[in-house]
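Data file: target_27.cif. Format and content: mmCIF, C-alpha atoms and all ligand atoms.
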data_upload
loop_
_atom_site.label_atom_id
_atom_site.label_comp_id
_atom_site.auth_asym_id
_atom_site.auth_seq_id
_atom_site.Cartn_x
_atom_site.Cartn_y
_atom_site.Cartn_z
CA MET G 73 -14.12 6.08 -32.33
CA LEU G 74 -11.53 3.77 -33.89
CA THR G 75 -9.87 4.60 -37.22
CA LEU G 76 -7.78 2.45 -39.53
CA SER G 77 -6.14 3.68 -42.70
CA GLY G 78 -4.62 1.75 -45.55
CA ARG G 79 -4.23 1.47 -49.28
CA ALA G 80 -6.65 -0.15 -51.71
CA PRO G 81 -4.46 -1.39 -54.59
CA ALA G 82 -5.60 -1.66 -58.20
CA LYS G 83 -5.51 -4.88 -60.23
CA VAL G 84 -4.77 -5.86 -63.78
CA ASN G 85 -5.98 -9.02 -65.50
CA LEU G 86 -2.94 -10.94 -66.73
CA ALA G 87 -5.31 -13.06 -68.82
CA LEU G 88 -9.04 -12.92 -69.40
CA LYS G 89 -11.18 -15.44 -71.22
CA ILE G 90 -14.94 -14.95 -71.66
CA LEU G 91 -17.08 -18.07 -72.01
CA ASP G 92 -20.83 -18.41 -72.44
CA ARG G 93 -23.51 -16.01 -71.30
CA ARG G 94 -25.29 -17.68 -68.40
CA PRO G 95 -29.03 -17.82 -67.63
CA ASP G 96 -28.50 -15.13 -64.92
CA GLY G 97 -27.13 -12.75 -67.57
CA PHE G 98 -23.52 -12.90 -66.36
CA HIS G 99 -20.72 -14.46 -68.41
CA GLU G 100 -18.62 -17.39 -67.33
CA LEU G 101 -15.15 -16.01 -66.88
CA ARG G 102 -11.66 -17.42 -66.57
CA THR G 103 -9.13 -14.83 -65.53
CA ILE G 104 -5.88 -14.23 -63.69
CA PHE G 105 -5.97 -11.24 -61.35
CA GLN G 106 -2.84 -9.45 -60.19
CA THR G 107 -2.67 -6.60 -57.67
CA ILE G 108 -0.35 -3.67 -58.45
CA SER G 109 1.16 -0.85 -56.40
CA LEU G 110 -1.14 1.89 -57.79
CA ALA G 111 -3.62 2.44 -54.96
CA ASP G 112 -6.39 4.56 -53.46
CA ARG G 113 -6.19 5.41 -49.74
CA LEU G 114 -8.98 4.86 -47.27
CA PHE G 115 -9.60 6.02 -43.71
CA VAL G 116 -12.25 3.82 -42.11
CA SER G 117 -13.67 4.94 -38.74
CA TYR G 118 -16.08 3.02 -36.56
CA THR G 119 -18.13 4.15 -33.56
CA PRO G 120 -19.87 1.12 -32.02
CA ARG G 121 -22.79 3.13 -30.53
CA GLY G 122 -26.10 3.95 -32.22
CA PRO G 123 -28.00 2.37 -35.10
CA ALA G 124 -26.13 1.11 -38.17
CA ALA G 125 -25.22 4.09 -40.36
CA VAL G 126 -22.62 4.70 -43.07
CA LYS G 127 -21.19 7.86 -44.66
CA LEU G 128 -18.52 8.29 -47.29
CA THR G 129 -16.53 11.38 -48.22
CA CYS G 130 -14.18 11.48 -51.21
CA ASP G 131 -11.73 13.92 -52.76
CA GLU G 132 -13.52 13.31 -56.08
CA PRO G 133 -16.96 14.78 -55.24
CA GLU G 134 -18.83 12.76 -57.88
CA LEU G 135 -17.81 9.57 -56.04
CA ALA G 136 -18.89 10.73 -52.55
CA GLY G 137 -22.01 9.43 -50.83
CA VAL G 138 -23.68 6.21 -49.86
CA GLY G 139 -24.04 5.02 -53.49
CA ASN G 140 -20.29 4.37 -53.66
CA LEU G 141 -19.51 0.64 -53.67
CA ALA G 142 -17.23 1.10 -50.63
CA ALA G 143 -20.14 2.57 -48.61
CA ARG G 144 -22.42 -0.20 -49.87
CA ALA G 145 -19.85 -2.74 -48.66
CA ALA G 146 -19.98 -1.30 -45.11
CA GLU G 147 -23.79 -1.15 -45.20
CA ALA G 148 -24.12 -4.74 -46.44
CA LEU G 149 -21.66 -6.06 -43.85
CA LEU G 150 -23.36 -4.25 -40.93
CA HIS G 151 -26.72 -5.68 -42.00
CA SER G 152 -25.40 -9.21 -42.44
CA GLY G 153 -24.96 -9.78 -38.68
CA PRO G 154 -25.47 -8.35 -35.20
CA TRP G 155 -23.40 -5.19 -35.78
CA LYS G 156 -24.60 -1.67 -35.03
CA GLY G 157 -22.83 1.69 -34.98
CA ARG G 158 -21.51 4.28 -37.38
CA VAL G 159 -18.96 3.72 -40.15
CA SER G 160 -17.30 6.76 -41.77
CA ILE G 161 -15.15 6.26 -44.82
CA ASP G 162 -12.86 8.91 -46.28
CA LEU G 163 -11.63 7.92 -49.72
CA ARG G 164 -8.67 9.49 -51.57
CA LYS G 165 -8.78 8.36 -55.18
CA LYS G 166 -5.76 7.69 -57.30
CA ILE G 167 -6.99 4.73 -59.41
CA PRO G 168 -8.74 5.98 -62.57
CA VAL G 169 -12.46 5.17 -62.77
CA GLY G 170 -13.89 3.07 -65.64
CA ALA G 171 -10.39 1.87 -66.54
CA GLY G 172 -10.64 -1.86 -65.80
CA LEU G 173 -8.23 -1.46 -62.87
CA GLY G 174 -10.76 -2.53 -60.22
CA GLY G 175 -10.62 0.69 -58.19
CA GLY G 176 -14.22 0.59 -56.93
CA SER G 177 -14.00 -3.13 -56.15
CA SER G 178 -10.71 -2.67 -54.31
CA ASP G 179 -12.14 0.17 -52.21
CA ALA G 180 -15.08 -2.10 -51.28
CA GLY G 181 -12.70 -4.97 -50.45
CA ALA G 182 -10.56 -2.63 -48.32
CA VAL G 183 -13.62 -1.54 -46.32
CA LEU G 184 -14.49 -5.19 -45.64
CA LEU G 185 -10.91 -5.92 -44.55
CA ALA G 186 -10.86 -2.84 -42.30
CA LEU G 187 -14.22 -3.71 -40.71
CA ARG G 188 -13.03 -7.23 -40.08
CA ARG G 189 -10.52 -5.57 -37.74
CA LEU G 190 -12.91 -2.98 -36.29
CA LEU G 191 -16.19 -4.83 -35.65
CA LYS G 192 -16.77 -6.89 -32.50
CA PRO G 193 -17.34 -9.79 -32.83
CA ALA G 194 -15.09 -9.94 -35.95
CA PRO G 195 -17.13 -10.93 -39.03
CA PRO G 196 -16.29 -14.53 -40.00
CA GLY G 197 -14.54 -15.16 -43.32
CA PRO G 198 -17.53 -16.80 -45.07
CA ILE G 199 -19.69 -13.70 -44.36
CA LEU G 200 -17.02 -11.42 -45.82
CA TRP G 201 -16.85 -13.57 -48.97
CA GLU G 202 -20.61 -13.70 -49.34
CA VAL G 203 -21.01 -9.93 -48.94
CA ALA G 204 -18.08 -9.34 -51.34
CA ALA G 205 -19.59 -11.59 -54.03
CA GLN G 206 -22.95 -9.83 -53.75
CA LEU G 207 -21.31 -6.43 -54.24
CA GLY G 208 -19.54 -7.27 -57.51
CA SER G 209 -17.74 -9.97 -59.45
CA ASP G 210 -14.25 -8.56 -58.74
CA VAL G 211 -14.72 -7.75 -55.04
CA PRO G 212 -13.91 -11.20 -53.53
CA PHE G 213 -10.48 -11.16 -55.24
CA PHE G 214 -9.65 -8.09 -53.16
CA LEU G 215 -10.04 -10.14 -49.99
CA LEU G 216 -7.01 -12.10 -51.27
CA GLY G 217 -4.79 -9.81 -53.35
CA GLY G 218 -1.59 -11.00 -55.05
CA THR G 219 -2.06 -13.33 -58.00
CA ALA G 220 -5.29 -15.36 -58.22
CA VAL G 221 -7.41 -17.32 -60.67
CA GLY G 222 -10.96 -16.02 -61.08
CA VAL G 223 -13.70 -18.39 -62.29
CA SER G 224 -17.52 -18.48 -62.45
CA ARG G 225 -18.46 -14.80 -63.04
CA GLY G 226 -15.05 -13.85 -61.55
CA GLU G 227 -16.26 -13.88 -57.94
CA GLU G 228 -14.75 -17.30 -57.21
CA ALA G 229 -11.12 -16.42 -56.65
CA TYR G 230 -8.38 -18.91 -55.83
CA PRO G 231 -4.91 -17.81 -54.72
CA LEU G 232 -1.88 -18.64 -56.86
CA PRO G 233 1.68 -18.53 -55.49
CA ASP G 234 3.31 -15.11 -55.52
CA ARG G 235 5.31 -14.45 -58.68
CA PRO G 236 8.58 -12.53 -58.95
CA ARG G 237 7.99 -8.77 -59.00
CA GLU G 238 7.45 -7.20 -62.40
CA TRP G 239 7.29 -3.55 -63.37
CA MET G 240 4.51 -2.12 -65.45
CA LEU G 241 3.68 1.03 -67.32
CA ILE G 242 -0.04 1.72 -67.01
CA LEU G 243 -1.65 3.92 -69.65
CA ALA G 244 -5.06 5.13 -68.49
CA PRO G 245 -6.70 7.10 -71.31
CA ASN G 246 -9.41 9.74 -70.71
CA ILE G 247 -12.06 7.18 -71.65
CA ARG G 248 -14.47 5.45 -69.29
CA ILE G 249 -15.68 2.06 -70.43
CA SER G 250 -18.86 0.54 -69.01
CA THR G 251 -18.26 -3.15 -68.23
CA PRO G 252 -21.88 -4.28 -68.96
CA GLU G 253 -21.68 -2.50 -72.33
CA ALA G 254 -18.37 -4.19 -73.16
CA TYR G 255 -19.93 -7.59 -72.38
CA ARG G 256 -22.94 -6.74 -74.58
CA GLU G 257 -20.67 -5.80 -77.47
CA PHE G 258 -18.72 -9.00 -76.97
CA ASP G 259 -21.97 -10.98 -77.30
CA ASP G 260 -22.83 -9.12 -80.51
CA LEU G 261 -19.42 -9.49 -82.09
CA ARG G 262 -18.12 -12.87 -81.10
CA PRO G 263 -19.56 -16.30 -81.81
CA ARG G 264 -19.90 -18.30 -78.60
CA THR G 265 -17.68 -21.25 -79.19
CA LEU G 266 -16.52 -22.14 -75.70
CA THR G 267 -18.48 -24.30 -73.31
CA ALA G 268 -18.25 -25.16 -69.64
CA ALA G 269 -16.91 -28.59 -70.63
CA SER G 270 -13.60 -27.01 -71.59
CA ASN G 271 -13.10 -25.33 -68.20
CA ARG G 272 -10.17 -27.28 -66.93
CA PRO G 273 -7.88 -26.92 -69.93
CA ILE G 274 -8.60 -23.19 -69.91
CA ILE G 275 -7.60 -22.78 -66.28
CA ASN G 276 -4.54 -24.96 -66.79
CA GLY G 277 -3.67 -22.89 -69.81
CA LEU G 278 -4.05 -19.59 -67.99
CA CYS G 279 -1.92 -20.80 -65.09
CA ALA G 280 0.70 -22.08 -67.49
CA SER G 281 0.58 -18.82 -69.42
CA ILE G 282 1.59 -16.72 -66.44
CA SER G 283 4.50 -18.94 -65.48
CA VAL G 284 5.92 -19.08 -69.02
CA SER G 285 8.57 -16.39 -69.43
CA GLY G 286 9.18 -14.59 -72.70
CA GLN G 287 6.92 -14.00 -75.63
CA ARG G 288 4.17 -16.13 -77.18
CA GLY G 289 5.50 -19.67 -77.45
CA GLU G 290 4.82 -21.82 -80.49
CA ARG G 291 4.96 -24.86 -78.25
CA ASP G 292 2.18 -23.54 -75.96
CA ARG G 293 -0.03 -22.79 -78.92
CA ALA G 294 0.55 -26.20 -80.43
CA GLU G 295 -0.61 -27.71 -77.13
CA GLY G 296 -3.79 -25.64 -77.20
CA LEU G 297 -2.76 -23.41 -74.33
CA PRO G 298 -3.57 -19.74 -74.66
CA SER G 299 -0.58 -17.56 -75.53
CA ARG G 300 0.89 -15.74 -72.60
CA PHE G 301 -1.39 -12.83 -71.62
CA GLU G 302 -4.57 -12.61 -73.66
CA ASN G 303 -7.70 -10.60 -72.99
CA ASP G 304 -10.92 -11.36 -74.93
CA PHE G 305 -12.19 -7.80 -74.41
CA GLU G 306 -9.48 -6.45 -76.71
CA SER G 307 -11.43 -7.48 -79.79
CA VAL G 308 -14.44 -5.32 -78.92
CA VAL G 309 -12.65 -2.46 -77.20
CA PHE G 310 -10.00 -2.04 -79.94
CA GLN G 311 -12.74 -2.06 -82.58
CA ARG G 312 -14.40 0.88 -80.86
CA TYR G 313 -11.17 2.69 -79.88
CA PRO G 314 -8.54 1.85 -82.53
CA ASP G 315 -6.09 4.31 -80.90
CA LEU G 316 -5.85 1.97 -77.91
CA GLU G 317 -4.49 -0.80 -80.11
CA GLU G 318 -1.91 1.62 -81.47
CA TRP G 319 -0.83 2.52 -77.91
CA LYS G 320 -0.61 -1.17 -77.08
CA ASN G 321 1.68 -1.68 -80.10
CA ARG G 322 3.69 1.32 -79.01
CA LEU G 323 4.26 -0.34 -75.61
CA VAL G 324 5.53 -3.45 -77.39
CA GLY G 325 7.78 -1.24 -79.56
CA LEU G 326 9.21 0.31 -76.38
CA GLY G 327 10.26 -3.11 -75.12
CA ALA G 328 7.28 -4.30 -73.06
CA GLY G 329 7.50 -8.08 -72.60
CA CYS G 330 3.75 -8.09 -72.88
CA ALA G 331 1.21 -5.31 -73.43
CA MET G 332 -2.49 -5.73 -72.93
CA LEU G 333 -5.83 -4.19 -72.03
CA SER G 334 -6.83 -4.62 -68.36
CA GLY G 335 -10.31 -6.01 -67.72
CA SER G 336 -12.84 -4.34 -70.01
CA GLY G 337 -10.48 -1.33 -70.33
CA SER G 338 -9.79 1.41 -70.94
CA ALA G 339 -6.37 1.07 -69.27
CA LEU G 340 -3.47 -0.71 -70.95
CA PHE G 341 -0.45 -2.15 -69.22
CA GLY G 342 2.99 -3.10 -70.47
CA THR G 343 5.38 -5.24 -68.43
CA PHE G 344 9.07 -4.47 -67.96
CA PRO G 345 11.76 -6.42 -66.09
CA SER G 346 13.05 -3.39 -64.15
CA ARG G 347 11.81 -0.04 -62.91
CA SER G 348 14.44 1.82 -64.92
CA GLN G 349 13.23 0.16 -68.14
CA ALA G 350 9.64 1.12 -67.33
CA VAL G 351 10.70 4.71 -66.60
CA ARG G 352 12.69 4.84 -69.85
CA ALA G 353 9.65 3.62 -71.76
CA ARG G 354 7.52 6.33 -70.15
CA THR G 355 10.04 8.97 -71.23
CA SER G 356 10.01 7.71 -74.83
CA LEU G 357 6.24 7.25 -74.97
CA GLY G 358 5.46 10.79 -76.15
CA GLU G 359 2.28 12.71 -75.43
CA PHE G 360 -0.30 10.24 -74.10
CA PRO G 361 -3.90 11.51 -73.84
CA GLY G 362 -4.50 10.41 -70.25
CA ARG G 363 -2.60 9.38 -67.16
CA VAL G 364 0.56 7.26 -67.10
CA PHE G 365 1.82 5.35 -64.05
CA VAL G 366 4.96 3.32 -63.38
CA VAL G 367 3.94 0.57 -60.94
CA ALA G 368 5.14 -2.77 -59.59
CA THR G 369 3.16 -5.96 -59.14
CA LEU G 370 2.08 -6.35 -55.50
CA SER G 371 2.44 -9.78 -53.89
CA ARG G 372 -0.19 -11.33 -51.62
CA ARG G 373 2.34 -11.14 -48.81
CA SER G 374 2.54 -7.35 -49.18
CA TYR G 375 -1.20 -7.05 -49.77
CA ARG G 376 -2.05 -8.84 -46.53
CA ARG G 377 0.17 -6.51 -44.53
CA ILE G 378 -1.99 -3.51 -45.46
CA TRP G 379 -4.94 -4.30 -43.14
CA ASN G 380 -3.36 -6.98 -40.92
CA ARG G 381 -0.88 -4.72 -39.14
O1 LIG B 1 -20.40 -8.05 -61.04
P1 LIG B 1 -20.27 -6.65 -61.56
O2 LIG B 1 -21.17 -5.70 -60.83
O3 LIG B 1 -18.90 -6.16 -61.64
O4 LIG B 1 -20.80 -6.74 -63.05
C1 LIG B 1 -21.24 -5.59 -63.76
C2 LIG B 1 -21.96 -6.06 -65.00
O5 LIG B 1 -21.02 -6.65 -65.91
C3 LIG B 1 -23.00 -7.13 -64.77
O6 LIG B 1 -24.23 -6.57 -64.46
C4 LIG B 1 -23.02 -7.85 -66.11
O7 LIG B 1 -23.77 -7.13 -67.04
C5 LIG B 1 -21.57 -7.78 -66.57
N1 LIG B 1 -20.81 -8.98 -66.20
C6 LIG B 1 -20.99 -10.13 -66.95
N2 LIG B 1 -20.26 -11.27 -66.65
C7 LIG B 1 -19.38 -11.25 -65.63
C8 LIG B 1 -19.17 -10.09 -64.87
C9 LIG B 1 -19.91 -8.97 -65.19
O8 LIG B 1 -21.78 -10.18 -67.89
N3 LIG B 1 -18.65 -12.35 -65.38
#
Rewrite the coordinates I just gave you, this time as structure tokens.
Amino acid sequence: MLTLSGRAPAKVNLALKILDRRPDGFHELRTIFQTISLADRLFVSYTPRGPAAVKLTCDEPELAGVGNLAARAAEALLHSGPWKGRVSIDLRKKIPVGAGLGGGSSDAGAVLLALRRLLKPAPPGPILWEVAAQLGSDVPFFLLGGTAVGVSRGEEAYPLPDRPREWMLILAPNIRISTPEAYREFDDLRPRTLTAASNRPIINGLCASISVSGQRGERDRAEGLPSRFENDFESVVFQRYPDLEEWKNRLVGLGAGCAMLSGSGSALFGTFPSRSQAVRARTSLGEFPGRVFVVATLSRRSYRRIWNR
């Protein structure tokens, strides 16, 4: 039996723009993903003998079993080629569930990256990407890590150059938000004004928005670029949970360069130029009803080292 262990880092969305609902029910998405240092830990073991079989244990019992996306990733990969044998996954959770931090997707991505090392012959890249995209819209990004643009339903991910490290305070309230429900509410609440024809300016705008330092720039807005860091889900999620908007404003008040919801929530993040400023903000935050983490952005360079050792 061979075992590999490594971290499965969370992500935040530095920007997220929802376009039209597509005929397949998904929404066209334009987003910027960013991995962060908050991470689950996985132990992935492989025994090449016997028929294909997967099991998953977890320190959070409700997440154990073959229904977990990480187990489904192993199952799907084994069945996509000539591979047989037993895969055992032991998952230690740290990333809050239903928070928009991509924990489940990252665990699935980590299993694919581990099995790429463990299976013989090694699964080719295109198979990994195909399996990842079938598992979920965010999973392919976790084959890359670092900073990346996500288009289509999010599953087409393109790497962007690593950015300088930033520190973040993550506020993960005791609220689980269902992503499909958040999309449904978005459809109900927002007129659909954007079309596929405006794709390119949106991507340009998002890329520009993450390289612009400082606060919202009048110049960017005048040029039709989105302001730095925007997430379309905020409109629906803040309507349902007004306290979250207050916490976001509190992060800004504590000096966050930018504060925003991640994905469809419920977690918020605020960016700070140094760890000490993030720690100071946590101290001044007061009693937050949930979990609070001080984290750093994680570059693609560091991300790749996790499973490529
Ligand atoms: O792909 P994933 O499994 O993460 O998507 C969960 C659900 O979120 C989908 O079934 C769909 O309802 C919604 N979704 C969407 N548009 C996307 C991504 C997800 O409508 N781009």
Taking all listed atoms of ligand LIG 1 (chain B), build the axis-aligned box, pad each of the six sides by 6 Å, then write its centre and edge lengths in Å to one decimal as lines of an AutoDock Vina configuration file.
center_x = -21.4
center_y = -9.0
center_z = -64.4
size_x = 17.6
size_y = 18.8
size_z = 19.1
Where does range 318-375 of chain G meet range 305-312 of chain G within 8 Å, residue by residue, with the nearest atom pair and distance in Å to one decimal for each, counting only C-alpha atoms, listed by chain and rising number, as a Markdown table?
| residue | atom | partner | partner_atom | distance |
| --- | --- | --- | --- | --- |
| G:Met332 | CA | G:Glu306 | CA | 8.0 |
| G:Leu333 | CA | G:Glu306 | CA | 6.4 |
| G:Gly335 | CA | G:Phe305 | CA | 7.2 |
| G:Ser336 | CA | G:Phe305 | CA | 5.6 |
| G:Gly337 | CA | G:Val309 | CA | 7.3 |
| G:Ser338 | CA | G:Val309 | CA | 7.9 |
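The coordinates place atom O4 of ligand LIG 1 (chain B) at 27.2 Å from CA of Ser77 in chain G.
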Contacts of ligand LIG 1 (chain B), 12 Å or closer, all atoms listed in the file, given as a ChimeraX atom specification: /G:88-103,141,170,172-178,180,204-213,222-228,249-259,305,335-336
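Nearest residue to Tyr230 in chain G, choosing from G:Leu135, G:Ile104, G:Leu357, G:Ile247 and counting all atoms listed in the file: G:Ile104.
Of the listed residues (G:His151, G:Arg354, G:Arg113, G:Arg347), G:Arg347 comes nearest to Ala368 in chain G; the distances count all atoms listed in the file.
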Given the choices G:Pro314, G:Pro168, G:Gly122, G:Gly181, which gets closest to Ala80 in chain G if the distance is worked out from only C-alpha atoms? G:Gly181
Closest atom pairs, range 195-261 of chain G residues within 10 Å of range 327-331 of chain G, all atoms listed in the file, as a tab-separated table:
residue	atom	partner	partner_atom	distance
G:Trp239	CA	G:Ala328	CA	9.7
G:Met240	CA	G:Ala328	CA	8.4
G:Leu241	CA	G:Ala328	CA	8.6
G:Ile242	CA	G:Ala331	CA	9.6
What's the separation between CA of Pro361 in chain G and CA of Asn246 in chain G, in Å to one decimal place? 6.6 Å
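In this structure, CA of Glu147 in chain G sits 25.1 Å away from CA of Thr107 in chain G.
The shortest atom-to-atom distance to Ser152 in chain G, with all atoms listed in the file taken into account, belongs to G:Val203 out of G:Val116, G:Val138, G:Val183, G:Val203.
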Polymer residues at most 7 Å from Ala220 in chain G, all atoms listed in the file, same-chain spacing of 5 or more positions, as a ChimeraX atom specification: /G:104-106,229-232
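Checking G:Ala339, G:Leu200, G:Leu326, G:Leu184 one by one against Tyr313 in chain G, counting all atoms listed in the file, you find the shortest gap at G:Ala339.
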Can you take the partial range 326-335 of chain G, add all heavy atoms, and return it as a compact mmCIF listing (two decimals), in the frame of the given file?
# COMPACT_ATOMS: atom_id res chain seq x y z
N LEU G 326 8.31 -0.27 -77.39
CA LEU G 326 9.21 0.31 -76.38
C LEU G 326 9.83 -0.76 -75.49
O LEU G 326 10.46 -0.45 -74.49
CB LEU G 326 8.44 1.32 -75.52
CG LEU G 326 8.06 2.62 -76.24
CD1 LEU G 326 7.09 3.45 -75.40
CD2 LEU G 326 9.30 3.44 -76.56
N GLY G 327 9.57 -2.02 -75.84
CA GLY G 327 10.26 -3.11 -75.12
C GLY G 327 9.42 -3.84 -74.10
O GLY G 327 9.97 -4.65 -73.33
N ALA G 328 8.10 -3.57 -74.03
CA ALA G 328 7.28 -4.30 -73.06
C ALA G 328 7.29 -5.78 -73.40
O ALA G 328 7.10 -6.16 -74.56
CB ALA G 328 5.84 -3.77 -73.09
N GLY G 329 7.52 -6.63 -72.39
CA GLY G 329 7.50 -8.08 -72.60
C GLY G 329 6.11 -8.50 -73.04
O GLY G 329 5.93 -9.42 -73.82
N CYS G 330 5.13 -7.83 -72.52
CA CYS G 330 3.75 -8.09 -72.88
C CYS G 330 3.00 -6.79 -72.70
O CYS G 330 3.33 -5.98 -71.82
CB CYS G 330 3.22 -9.18 -71.94
SG CYS G 330 1.58 -8.92 -71.38
N ALA G 331 2.04 -6.51 -73.56
CA ALA G 331 1.21 -5.31 -73.43
C ALA G 331 -0.22 -5.73 -73.68
O ALA G 331 -0.49 -6.51 -74.60
CB ALA G 331 1.66 -4.25 -74.43
N MET G 332 -1.12 -5.23 -72.88
CA MET G 332 -2.49 -5.73 -72.93
C MET G 332 -3.47 -4.75 -72.30
O MET G 332 -3.09 -3.93 -71.47
CB MET G 332 -2.54 -7.05 -72.16
CG MET G 332 -3.61 -7.97 -72.57
SD MET G 332 -3.36 -9.57 -71.79
CE MET G 332 -4.25 -9.32 -70.31
N LEU G 333 -4.75 -4.93 -72.69
CA LEU G 333 -5.83 -4.19 -72.03
C LEU G 333 -6.07 -4.84 -70.67
O LEU G 333 -5.96 -6.06 -70.53
CB LEU G 333 -7.08 -4.36 -72.91
CG LEU G 333 -8.30 -3.51 -72.57
CD1 LEU G 333 -8.08 -2.06 -73.01
CD2 LEU G 333 -9.55 -4.08 -73.26
N SER G 334 -6.46 -4.04 -69.67
CA SER G 334 -6.83 -4.62 -68.36
C SER G 334 -8.35 -4.70 -68.24
O SER G 334 -9.03 -3.69 -68.48
CB SER G 334 -6.26 -3.78 -67.22
OG SER G 334 -6.64 -4.38 -65.99
N GLY G 335 -8.86 -5.83 -67.87
CA GLY G 335 -10.31 -6.01 -67.72
C GLY G 335 -11.03 -5.59 -68.98
O GLY G 335 -10.59 -5.90 -70.10
